[in-house]
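*Asks:* Let me give you the structure first, and then I'll get to my questions.
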Amino acid sequence: IEVGHIFQLGRKYSEAMQATVLDEAGKPLTMYMGCYGIGVTRIVAAAIGALVPRLDASFVAAVEHLLACRGRVVLTGMGKSGIIGRKIAATLTSTGTPAFYLHPAEAVHGDLGVIQGDDVVVALSNSGETEELARLLETIRRIGARLVVITGEPRSTLGTAADVTLDCHVSEEACPMNLAPTASTTAALALGDGEITQFSRTHELGGGGPGVKTDIHALRHHVHDHRDAAFIGHVH
């Protein structure tokens with residue numbers, strides 16, 4: 001799919017450049033100019049749409065970790081990823097799941113003690129190489145908490161160390177310099193909220209009973225056989 005915006009520039013620039021074409025009668029005619037560009041909102045929307053084929057067994061496994069969690073869900077991330085982590089934590093608490101955000105820099109200076117063995121840690125890092133998060137890996141393993149990583153680089157340090165890795169890679173940012181986190185943060189948020197939505201829907205069916213097992217089986221079947229736009233509706 002190619003989407004974008006058309007900008008009508010008129011004859012301002014063509015007159016300055018004396019850019020003309022010949023009309024049907026062979027007379028010079030000043031061009032009416034326009035340009036075509038990929039809009040910011042379109043790039044972000046495309047990034048979310050690209051998540052659809054990646055809603056695979058890893059997504060199901062992440063939902064299962066949330067269902068099995070007997071402690072809290074701990075969100076962590078640096079910079080813009082940290083802001084997305086705070087939002088996901090807020091969504092979890094609003095759906096009745098104990099969750100909070102832990103700043104990774106504060107964690108290495110003593111706050112890591114809040115993580116317990118029955119918690120699930122959800123770490124966000126577009127590069128998957130965030131130093132402050134990498135420092136937490138050994139301690140998280142030692143404590144015994146589960147680690148879910150949302151990253152744009154699944155083969156990164158964080159991606160390969162996680163119990164479950166969710167791929168939110170984007171082909172480009174909406175920033176003209178392709179630097180500012182825009183499409184990548186939106187994709188991470190959409191993936192996180194989609195996971196929470198599916199978790200909440202499943203959890204409501206039976207609190208861990210047969211209904212939950214049935215819905216998880218249905219989720220596995222849906223992801224395996226379809227992975228279509230209907231399922232990404234939960235993300236939207």
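We label chains A, B, ... in the order they appear in the structure tokens, count residues from 1 in each chain, and number ligands from 1 in the order shown.
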Do you know which residues are at most 8 Å from Thr130 of chain A counting only C-alpha atoms, after dropping those on the same chain fewer than 4 positions away, and could you put them as a PyMOL selection string?
*Replies:* chain A and resi 78+125+134
*Asks:* Can those selected residues be exported to a file as a PDB file, in the first residue's frame so that it contains N, CA, C and O atoms?
*Replies:*
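Saved to part-v5.pdb:
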```pdb
ATOM      1  N   MET A  78      13.685   3.278  28.774  1.00  0.00           N
ATOM      2  CA  MET A  78      14.342   4.583  28.851  1.00  0.00           C
ATOM      3  C   MET A  78      13.764   5.534  27.810  1.00  0.00           C
ATOM      4  O   MET A  78      13.333   5.124  26.736  1.00  0.00           O
ATOM      5  N   SER A 125      12.387  -1.339  24.329  1.00  0.00           N
ATOM      6  CA  SER A 125      13.603  -0.749  23.781  1.00  0.00           C
ATOM      7  C   SER A 125      13.592  -0.948  22.274  1.00  0.00           C
ATOM      8  O   SER A 125      13.593  -2.090  21.802  1.00  0.00           O
ATOM      9  N   ALA A 134      19.952  -3.478  29.830  1.00  0.00           N
ATOM     10  CA  ALA A 134      20.837  -4.649  29.774  1.00  0.00           C
ATOM     11  C   ALA A 134      21.431  -4.956  31.144  1.00  0.00           C
ATOM     12  O   ALA A 134      21.674  -6.126  31.482  1.00  0.00           O
TER      13      ALA A 134
END
```
*Asks:* Just asking: which residues within segment 21-156 of chain A are alpha helix (DSSP H) according to DSSP, as a VMD selection string?
*Replies:* chain A and resid 40 to 49 57 to 68 79 to 94 104 to 107 131 to 134 137 to 143
*Asks:* Using only C-alpha atoms, determine which residues lie at most 9 Å from segment 8-14 of chain A, disregarding the query and same-chain residues fewer than 2 positions distant; provide the list as a list in words.
*Replies:*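 Surrounding residues, per the criterion: Ile6, Ala16, Met17, Gln18, Ala19, Thr20, Thr30, Met31, Tyr32, Met33, Gly34, Cys35 and Tyr36 of chain A.
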*Asks:* May I have the residues within 10 Å of Ala50 of chain A as a PDB file with N, CA and C atoms, in the first residue's frame, using only C-alpha atoms and disregarding those fewer than 3 positions away in the same chain?
*Replies:*
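Result saved to around-v8.pdb:
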```
ATOM      1  N   VAL A  44       2.658   6.482  10.487  1.00  0.00           N
ATOM      2  CA  VAL A  44       2.335   5.857  11.768  1.00  0.00           C
ATOM      3  C   VAL A  44       1.282   4.763  11.584  1.00  0.00           C
ATOM      4  N   ALA A  45       0.258   5.049  10.773  1.00  0.00           N
ATOM      5  CA  ALA A  45      -0.783   4.052  10.532  1.00  0.00           C
ATOM      6  C   ALA A  45      -0.215   2.814   9.844  1.00  0.00           C
ATOM      7  N   ALA A  46       0.697   3.037   8.898  1.00  0.00           N
ATOM      8  CA  ALA A  46       1.323   1.915   8.198  1.00  0.00           C
ATOM      9  C   ALA A  46       2.156   1.076   9.153  1.00  0.00           C
ATOM     10  N   ALA A  47       2.804   1.735  10.123  1.00  0.00           N
ATOM     11  CA  ALA A  47       3.620   1.015  11.107  1.00  0.00           C
ATOM     12  C   ALA A  47       2.752   0.088  11.946  1.00  0.00           C
ATOM     13  N   PRO A  53       1.223  -9.281  10.573  1.00  0.00           N
ATOM     14  CA  PRO A  53       1.855 -10.584  10.338  1.00  0.00           C
ATOM     15  C   PRO A  53       2.708 -11.061  11.512  1.00  0.00           C
ATOM     16  N   ARG A  54       2.991 -10.178  12.465  1.00  0.00           N
ATOM     17  CA  ARG A  54       3.858 -10.560  13.588  1.00  0.00           C
ATOM     18  C   ARG A  54       3.073 -10.997  14.819  1.00  0.00           C
ATOM     19  N   LEU A  55       1.756 -11.030  14.703  1.00  0.00           N
ATOM     20  CA  LEU A  55       0.939 -11.514  15.818  1.00  0.00           C
ATOM     21  C   LEU A  55       0.947 -13.036  15.773  1.00  0.00           C
ATOM     22  N   CYS A 168       8.363  -5.126  17.161  1.00  0.00           N
ATOM     23  CA  CYS A 168       7.628  -3.921  16.753  1.00  0.00           C
ATOM     24  C   CYS A 168       8.486  -3.073  15.809  1.00  0.00           C
ATOM     25  N   HIS A 169       9.280  -3.741  14.990  1.00  0.00           N
ATOM     26  CA  HIS A 169      10.153  -3.032  14.048  1.00  0.00           C
ATOM     27  C   HIS A 169       9.335  -2.191  13.070  1.00  0.00           C
ATOM     28  N   VAL A 170       9.833  -0.987  12.780  1.00  0.00           N
ATOM     29  CA  VAL A 170       9.197  -0.132  11.770  1.00  0.00           C
ATOM     30  C   VAL A 170      10.222   0.173  10.690  1.00  0.00           C
ATOM     31  N   SER A 171       9.743   0.358   9.464  1.00  0.00           N
ATOM     32  CA  SER A 171      10.646   0.612   8.347  1.00  0.00           C
ATOM     33  C   SER A 171      11.193   2.029   8.364  1.00  0.00           C
ATOM     34  N   ALA A 187       3.976   2.045  17.398  1.00  0.00           N
ATOM     35  CA  ALA A 187       3.864   0.598  17.185  1.00  0.00           C
ATOM     36  C   ALA A 187       4.016  -0.158  18.505  1.00  0.00           C
ATOM     37  N   ILE A 232      -6.043  -7.497  14.443  1.00  0.00           N
ATOM     38  CA  ILE A 232      -5.358  -6.254  14.805  1.00  0.00           C
ATOM     39  C   ILE A 232      -6.360  -5.198  15.267  1.00  0.00           C
TER      40      ILE A 232
END
```
*Asks:* List as a PyMOL selection string the protein and nucleic acid residues near Gln116 of chain A, meaning an atom at most 10 Å away when only C-alpha atoms are counted, but skip any in the same chain fewer than 4 places from it.
*Replies:* chain A and resi 71-72+74+112+120-121+140+143-146
*Asks:* Between A:Cys69, A:Ala123, A:Leu136, A:Ala61, which residue has the minimum interatomic distance to Ala89 of chain A, considering only C-alpha atoms?
*Replies:* A:Ala123
*Asks:* Any chance you could list, as a PyMOL selection string, the residues in segment 11-212 of chain A that come up strand (DSSP E or B) when DSSP is run on the backbone?
*Replies:* chain A and resi 20-22+28-30+33-37+73-77+99-101+120-125+146-151+164-167
*Asks:* Could the residues in this selection be saved with C-alpha atoms as a PDB file, in the first residue's frame?
*Replies:*
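Result written to selection.pdb:
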```pdb
ATOM      1  CA  THR A  20       6.704  25.973 -19.000  1.00  0.00           C
ATOM      2  CA  VAL A  21       5.082  23.294 -21.115  1.00  0.00           C
ATOM      3  CA  LEU A  22       3.383  23.506 -24.460  1.00  0.00           C
ATOM      4  CA  PRO A  28       4.045  28.008 -23.721  1.00  0.00           C
ATOM      5  CA  LEU A  29       2.056  27.454 -20.547  1.00  0.00           C
ATOM      6  CA  THR A  30       3.375  27.984 -17.018  1.00  0.00           C
ATOM      7  CA  MET A  33       2.977  22.422  -9.650  1.00  0.00           C
ATOM      8  CA  GLY A  34       2.217  19.974  -6.902  1.00  0.00           C
ATOM      9  CA  CYS A  35       4.092  17.436  -4.813  1.00  0.00           C
ATOM     10  CA  TYR A  36       3.328  14.119  -3.242  1.00  0.00           C
ATOM     11  CA  GLY A  37       4.564  13.106   0.162  1.00  0.00           C
ATOM     12  CA  VAL A  73       3.496  -6.467  35.918  1.00  0.00           C
ATOM     13  CA  VAL A  74       6.554  -4.201  35.894  1.00  0.00           C
ATOM     14  CA  LEU A  75       7.035  -1.921  32.891  1.00  0.00           C
ATOM     15  CA  THR A  76      10.458  -0.442  32.192  1.00  0.00           C
ATOM     16  CA  GLY A  77      12.166   1.530  29.442  1.00  0.00           C
ATOM     17  CA  ALA A  99       1.228  -2.825  37.434  1.00  0.00           C
ATOM     18  CA  PHE A 100       3.733  -0.008  37.753  1.00  0.00           C
ATOM     19  CA  TYR A 101       6.567   1.650  35.872  1.00  0.00           C
ATOM     20  CA  VAL A 120       6.383 -10.254  34.913  1.00  0.00           C
ATOM     21  CA  VAL A 121       8.762  -7.575  33.627  1.00  0.00           C
ATOM     22  CA  VAL A 122       7.871  -5.942  30.319  1.00  0.00           C
ATOM     23  CA  ALA A 123      10.850  -4.026  28.899  1.00  0.00           C
ATOM     24  CA  LEU A 124      10.618  -1.650  25.942  1.00  0.00           C
ATOM     25  CA  SER A 125      13.603  -0.749  23.781  1.00  0.00           C
ATOM     26  CA  ARG A 146       9.550 -13.517  33.637  1.00  0.00           C
ATOM     27  CA  LEU A 147      10.784 -11.076  30.999  1.00  0.00           C
ATOM     28  CA  VAL A 148       8.783  -9.906  27.988  1.00  0.00           C
ATOM     29  CA  VAL A 149      10.628  -7.548  25.629  1.00  0.00           C
ATOM     30  CA  ILE A 150       8.982  -5.275  23.063  1.00  0.00           C
ATOM     31  CA  THR A 151      11.669  -4.232  20.605  1.00  0.00           C
ATOM     32  CA  VAL A 164       9.157 -13.749  25.067  1.00  0.00           C
ATOM     33  CA  THR A 165      10.122 -11.172  22.439  1.00  0.00           C
ATOM     34  CA  LEU A 166       7.539  -9.089  20.563  1.00  0.00           C
ATOM     35  CA  ASP A 167       8.718  -7.548  17.304  1.00  0.00           C
TER      36      ASP A 167
END
```
*Asks:* Between atom CA of Asp119 of chain A and atom CA of Leu51 of chain A, what is the distance, to one decimal in Å?
*Replies:*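 We find that atom CA of Asp119 of chain A and atom CA of Leu51 of chain A lie 26.4 Å from each other.
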*Asks:* Figure out the distance between atom CA of Pro176 of chain A and atom CA of Gly192 of chain A, please, to one decimal in Å.
*Replies:*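 Going from atom CA of Gly192 of chain A over to atom CA of Pro176 of chain A covers 25.8 Å.
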*Asks:* Which residues, written as a list in words, have at least one atom at most 10 Å from Ser200 of chain A, with only C-alpha atoms counted and residues fewer than 4 positions away on the same chain left out?
*Replies:*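 Skipping anything fewer than 4 positions along the chain leaves Val63, Leu66, Leu67, Leu92, Thr95, Gly96, Thr97, Gly194, Glu195, Ile196, Glu204 and Leu205 of chain A.
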*Asks:* Would you mind reading off the distance between atom CA of Val114 of chain A and atom CA of Asn126 of chain A, one decimal, in Å?
*Replies:*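 A separation of 24.5 Å between them.
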